[in-house]
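*Asks:* As input, take entry-v4.txt (compact mmCIF, C-alpha atoms and all ligand atoms):
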# COMPACT_ATOMS: atom_id res chain seq x y z
CA MET A 1 7.02 29.50 -12.98
CA LYS A 2 4.59 31.44 -15.08
CA LYS A 3 1.05 31.62 -13.86
CA HIS A 4 -0.87 28.81 -15.42
CA LYS A 5 -4.56 28.39 -15.13
CA TYR A 6 -4.75 24.96 -13.58
CA PHE A 7 -1.31 23.64 -12.61
CA GLU A 8 1.36 24.69 -10.13
CA LEU A 9 5.06 23.87 -10.37
CA SER A 10 4.89 22.21 -6.96
CA GLU A 11 2.57 19.52 -8.34
CA PHE A 12 5.34 18.37 -10.68
CA ILE A 13 8.07 18.33 -8.03
CA ARG A 14 6.52 16.80 -4.96
CA SER A 15 7.10 13.12 -4.33
CA ASP A 16 6.39 10.98 -1.29
CA THR A 17 9.27 8.70 -2.26
CA ALA A 18 11.70 11.63 -2.43
CA LYS A 19 10.53 12.84 0.97
CA LYS A 20 10.82 9.39 2.52
CA LYS A 21 14.28 8.74 1.07
CA GLY A 22 15.62 12.26 1.59
CA ILE A 23 16.11 12.84 -2.16
CA ASP A 24 16.40 16.49 -3.25
CA ASN A 25 14.11 16.73 -6.28
CA THR A 26 14.73 20.42 -6.98
CA PRO A 27 14.57 21.06 -10.75
CA SER A 28 17.05 23.06 -12.81
CA PHE A 29 15.89 26.12 -14.77
CA GLU A 30 15.98 24.01 -17.90
CA VAL A 31 13.65 21.44 -16.35
CA VAL A 32 11.28 24.20 -15.20
CA GLU A 33 11.18 25.50 -18.79
CA HIS A 34 10.28 22.05 -20.04
CA LEU A 35 7.53 21.71 -17.44
CA GLU A 36 6.17 25.12 -18.38
CA GLY A 37 6.08 24.21 -22.05
CA MET A 38 4.25 20.98 -21.28
CA VAL A 39 1.66 22.76 -19.12
CA GLU A 40 1.17 25.52 -21.66
CA GLU A 41 0.88 23.37 -24.76
CA ILE A 42 -0.70 20.18 -23.43
CA LEU A 43 -1.87 20.07 -19.84
CA ASP A 44 -3.70 23.38 -19.39
CA PRO A 45 -5.64 23.03 -22.67
CA LEU A 46 -6.44 19.39 -21.85
CA ARG A 47 -7.60 20.32 -18.36
CA ALA A 48 -9.74 23.16 -19.70
CA ALA A 49 -11.39 20.85 -22.22
CA TYR A 50 -11.83 18.01 -19.71
CA GLY A 51 -13.50 20.32 -17.20
CA MET A 52 -12.61 18.35 -14.08
CA PRO A 53 -9.52 18.17 -11.84
CA ILE A 54 -6.50 16.25 -13.14
CA HIS A 55 -3.98 15.08 -10.57
CA VAL A 56 -0.25 14.92 -11.37
CA SER A 57 0.97 11.75 -9.66
CA SER A 58 4.52 12.09 -11.03
CA GLY A 59 6.15 14.93 -12.93
CA TYR A 60 9.84 15.77 -12.69
CA ARG A 61 12.13 13.08 -11.30
CA CYS A 62 15.78 13.75 -10.66
CA PRO A 63 17.88 10.68 -11.58
CA ALA A 64 18.00 9.45 -7.96
CA LEU A 65 14.23 9.67 -7.64
CA ASN A 66 13.69 8.07 -11.03
CA LYS A 67 15.81 5.14 -9.90
CA ALA A 68 14.02 4.95 -6.55
CA VAL A 69 10.59 4.66 -8.20
CA GLY A 70 11.81 2.09 -10.72
CA GLY A 71 11.63 4.38 -13.75
CA VAL A 72 13.45 3.31 -16.90
CA PRO A 73 16.95 4.86 -17.05
CA THR A 74 16.03 6.80 -20.21
CA SER A 75 12.82 8.22 -18.72
CA VAL A 76 12.05 11.74 -19.93
CA HIS A 77 10.54 12.42 -16.49
CA GLN A 78 14.18 13.27 -15.69
CA LYS A 79 14.02 16.17 -18.14
CA GLY A 80 10.65 17.49 -17.07
CA ASP A 81 9.21 16.31 -20.38
CA ALA A 82 6.59 13.92 -19.00
CA ALA A 83 3.79 13.76 -16.48
CA ASP A 84 1.69 10.94 -15.03
CA LEU A 85 -1.95 11.94 -14.71
CA GLN A 86 -4.79 10.56 -12.63
CA VAL A 87 -8.38 11.57 -11.99
CA SER A 88 -10.68 10.81 -9.08
CA GLY A 89 -13.58 9.94 -11.40
CA SER A 90 -13.74 7.28 -14.11
CA PHE A 91 -10.29 6.49 -15.49
CA SER A 92 -11.65 4.98 -18.69
CA LYS A 93 -13.62 8.16 -19.41
CA PHE A 94 -10.51 10.26 -18.83
CA ARG A 95 -8.43 7.96 -21.05
CA ASP A 96 -10.94 8.01 -23.89
CA PHE A 97 -11.40 11.76 -23.59
CA THR A 98 -7.64 12.39 -23.70
CA VAL A 99 -7.05 10.14 -26.72
CA ALA A 100 -9.92 11.78 -28.62
CA TRP A 101 -8.80 15.26 -27.58
CA LEU A 102 -5.20 14.70 -28.72
CA ARG A 103 -6.40 13.47 -32.11
CA LYS A 104 -9.02 16.17 -32.56
CA THR A 105 -6.78 19.09 -31.61
CA GLY A 106 -3.65 17.80 -33.31
CA THR A 107 -1.70 18.58 -30.12
CA ARG A 108 1.99 17.75 -30.54
CA PHE A 109 3.32 15.16 -28.11
CA ASP A 110 5.74 12.25 -28.11
CA GLN A 111 3.81 9.49 -26.42
CA LEU A 112 0.73 8.75 -24.42
CA LEU A 113 1.06 5.58 -22.37
CA ILE A 114 -2.08 4.13 -20.86
CA GLU A 115 -0.44 2.59 -17.81
CA SER A 116 -1.68 0.32 -15.09
CA ASN A 117 -0.07 -1.47 -12.19
CA LYS A 118 -1.05 -5.11 -12.07
CA LYS A 119 -0.24 -5.37 -8.37
CA THR A 120 -2.01 -2.29 -7.02
CA GLY A 121 -4.66 -1.83 -9.72
CA ALA A 122 -3.61 1.83 -10.08
CA LYS A 123 -4.18 3.37 -13.49
CA TRP A 124 -2.74 6.54 -14.95
CA LEU A 125 -1.86 8.27 -18.20
CA HIS A 126 1.78 9.02 -18.91
CA ILE A 127 2.11 11.86 -21.36
CA GLY A 128 5.53 12.68 -22.77
CA ARG A 129 6.07 15.85 -24.76
CA PHE A 130 9.42 14.96 -26.33
CA ASN A 131 11.55 11.83 -26.42
CA ASN A 132 15.29 11.95 -25.71
CA ALA A 133 15.97 12.77 -29.35
CA GLY A 134 13.62 15.76 -29.18
CA GLN A 135 11.00 14.04 -31.34
CA GLN A 136 7.25 14.25 -31.02
CA ARG A 137 6.07 10.96 -32.45
CA GLY A 138 2.44 11.08 -31.36
CA LEU A 139 2.43 7.45 -30.17
CA ILE A 140 -0.40 6.01 -28.12
CA MET A 141 0.27 2.71 -26.35
CA VAL A 142 -0.98 0.54 -23.51
CA LYS A 143 1.60 -0.48 -20.91
CA GLU A 144 1.23 -2.66 -17.86
CA VAL A 145 3.77 -2.37 -15.07
CA ASP A 146 4.32 -4.74 -12.21
CA LYS A 147 6.18 -3.26 -9.26
ZN ZN A 201 5.38 8.48 -16.53
How would this structure read if it were set down as structure tokens?
Ligand SMILES: [Zn+2]

*Replies:*
Amino acid sequence: MKKHKYFELSEFIRSDTAKKKGIDNTPSFEVVEHLEGMVEEILDPLRAAYGMPIHVSSGYRCPALNKAVGGVPTSVHQKGDAADLQVSGSFSKFRDFTVAWLRKTGTRFDQLLIESNKKTGAKWLHIGRFNNAGQQRGLIMVKEVDK
């Protein structure tokens, strides 16, 4: 992977679930290219503007891992075209910052999901660069999961 300022490839590959279940989550070259494009065009500039650490809680998921974590079968995490992001500080500040930053900069993306887990109270941003049709729709939506 090219040297990026803030993110390492390993952050997008590692998964406790994969480790626990013995799933090999090694990405293909194509997936690595997708991850690189996402870091270059969205995540590094966002991180630079935000000025504080952003944690990747889920990046690439091979189909077996995607299934194991209950991802939708069409999830673009399987292509390396999405990342789930968390911060240790205020989530609402991070959310508002990211929404404003995407609008202000005109950054191309497919969708930003403001996700929360009703059971655990966890909150994160899912950012997808392309959908499965290769589109960048620029959608921003709130989504609650329960698993
Ligand atoms: Zn996601």

*Asks:* Using all atoms listed in the file, tabulate the residues of chain A lying at most 7 Å from any atom of ligand ZN 201 (chain A), each with its closest atom pair and that distance in Å to one decimal, by chain and increasing residue number, as a tab-separated table.

*Replies:*
residue	atom	partner	partner_atom	distance
A:Ser58	CA	A:ZN201	ZN	6.6
A:His77	CA	A:ZN201	ZN	6.5
A:Ala82	CA	A:ZN201	ZN	6.1
A:Ala83	CA	A:ZN201	ZN	5.5
A:Asp84	CA	A:ZN201	ZN	4.7
A:His126	CA	A:ZN201	ZN	4.3
A:Ile127	CA	A:ZN201	ZN	6.7

*Asks:* I'd like the neighbourhood of Ile140 in chain A as a ChimeraX atom specification, where a residue qualifies if any of its atoms comes within 8 Å (using all atoms listed in the file), though same-chain residues fewer than 2 positions away should be ignored.

*Replies:* /A:99,111-114,138,142

*Asks:* Smallest atom-to-atom distance to Lys67 in chain A: which of A:Gly106, A:Ile23, A:Leu85, A:Pro53, using only C-alpha atoms?

*Replies:*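 Of A:Gly106, A:Ile23, A:Leu85, A:Pro53, the one nearest Lys67 in chain A, counting only C-alpha atoms, is A:Ile23.
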
*Asks:* Which of these residues is nearest to Glu30 in chain A, using only C-alpha atoms: A:Arg129, A:Lys93, A:Lys79, A:Arg108?

*Replies:*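 Ranking A:Arg129, A:Lys93, A:Lys79, A:Arg108 by distance to Glu30 in chain A, first place goes to A:Lys79.
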
*Asks:* Counting only C-alpha atoms, which residue out of A:Lys19, A:Leu65, A:Phe109, A:Glu115 sits closest to Val39 in chain A?

*Replies:*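 Of A:Lys19, A:Leu65, A:Phe109, A:Glu115, the one nearest Val39 in chain A, counting only C-alpha atoms, is A:Phe109.
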
*Asks:* For a quick check of understanding, using all atoms listed in the file, which of A:Thr98, A:Ser28, A:Ser57, A:Ser75 has the smallest distance to Asn132 in chain A?

*Replies:*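 Of A:Thr98, A:Ser28, A:Ser57, A:Ser75, the one nearest Asn132 in chain A is A:Ser75, counting all atoms listed in the file.
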
*Asks:* As an exercise, work out the distance from CA of Ile54 in chain A to CA of Val87 in chain A in Å and give it to one decimal place.

*Replies:*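 Answer for the CA of Ile54 in chain A to CA of Val87 in chain A separation: 5.2 Å.
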
*Asks:* Out of A:Trp124, A:Phe91, A:Tyr6, A:Tyr60, which residue has the shortest atom-to-atom distance to Leu46 in chain A when counting all atoms listed in the file?

*Replies:*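 Closest to Leu46 in chain A of all the choices is A:Tyr6.
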
*Asks:* Calculated over only C-alpha atoms, which of the candidates A:Asp81, A:Gly89, A:Phe94, A:Lys21 has the smallest distance to Gln135 in chain A?

*Replies:*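 Closest to Gln135 in chain A, using only C-alpha atoms: A:Asp81.
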
*Asks:* Would you be able to write out as an MDAnalysis selection string which residues have an atom within 12 Å of (21.8, 10.0, -11.6) in the file's coordinates, counting only C-alpha atoms?

*Replies:* chainID A and resid 23:25 61:68 71:75 78:79

*Asks:* What lies within 10 Å of Thr105 in chain A using all atoms listed in the file, ignoring chain neighbours under 4 positions off, as number ranges by chain?

*Replies:* A: 45-46, 100-101

*Asks:* Calculate how many Å separate CA of Val31 in chain A from CA of Lys143 in chain A, rounding to one decimal.

*Replies:*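 These two atoms are separated by 25.4 Å.
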
*Asks:* Contacts of Glu8 in chain A at 12 Å or less, counting all atoms listed in the file, minus same-chain residues fewer than 4 places along, as a PDB file with C-alpha atoms, in the frame of the given file?

*Replies:*
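Writing the result to selection-v8.pdb gives the following:
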ATOM      1  CA  MET A   1       7.020  29.500 -12.980  1.00  0.00           C
ATOM      2  CA  LYS A   2       4.590  31.440 -15.080  1.00  0.00           C
ATOM      3  CA  LYS A   3       1.050  31.620 -13.860  1.00  0.00           C
ATOM      4  CA  HIS A   4      -0.870  28.810 -15.420  1.00  0.00           C
ATOM      5  CA  PHE A  12       5.340  18.370 -10.680  1.00  0.00           C
ATOM      6  CA  ILE A  13       8.070  18.330  -8.030  1.00  0.00           C
ATOM      7  CA  ARG A  14       6.520  16.800  -4.960  1.00  0.00           C
ATOM      8  CA  VAL A  32      11.280  24.200 -15.200  1.00  0.00           C
ATOM      9  CA  LEU A  35       7.530  21.710 -17.440  1.00  0.00           C
ATOM     10  CA  GLU A  36       6.170  25.120 -18.380  1.00  0.00           C
ATOM     11  CA  VAL A  39       1.660  22.760 -19.120  1.00  0.00           C
ATOM     12  CA  GLU A  40       1.170  25.520 -21.660  1.00  0.00           C
ATOM     13  CA  LEU A  43      -1.870  20.070 -19.840  1.00  0.00           C
ATOM     14  CA  ASP A  44      -3.700  23.380 -19.390  1.00  0.00           C
ATOM     15  CA  ILE A  54      -6.500  16.250 -13.140  1.00  0.00           C
ATOM     16  CA  HIS A  55      -3.980  15.080 -10.570  1.00  0.00           C
ATOM     17  CA  VAL A  56      -0.250  14.920 -11.370  1.00  0.00           C
ATOM     18  CA  GLY A  59       6.150  14.930 -12.930  1.00  0.00           C
TER      19      GLY A  59
END

*Asks:* Can you measure CA of Met52 in chain A to CA of Arg95 in chain A for me? One decimal in Å is fine.

*Replies:* 13.2 Å
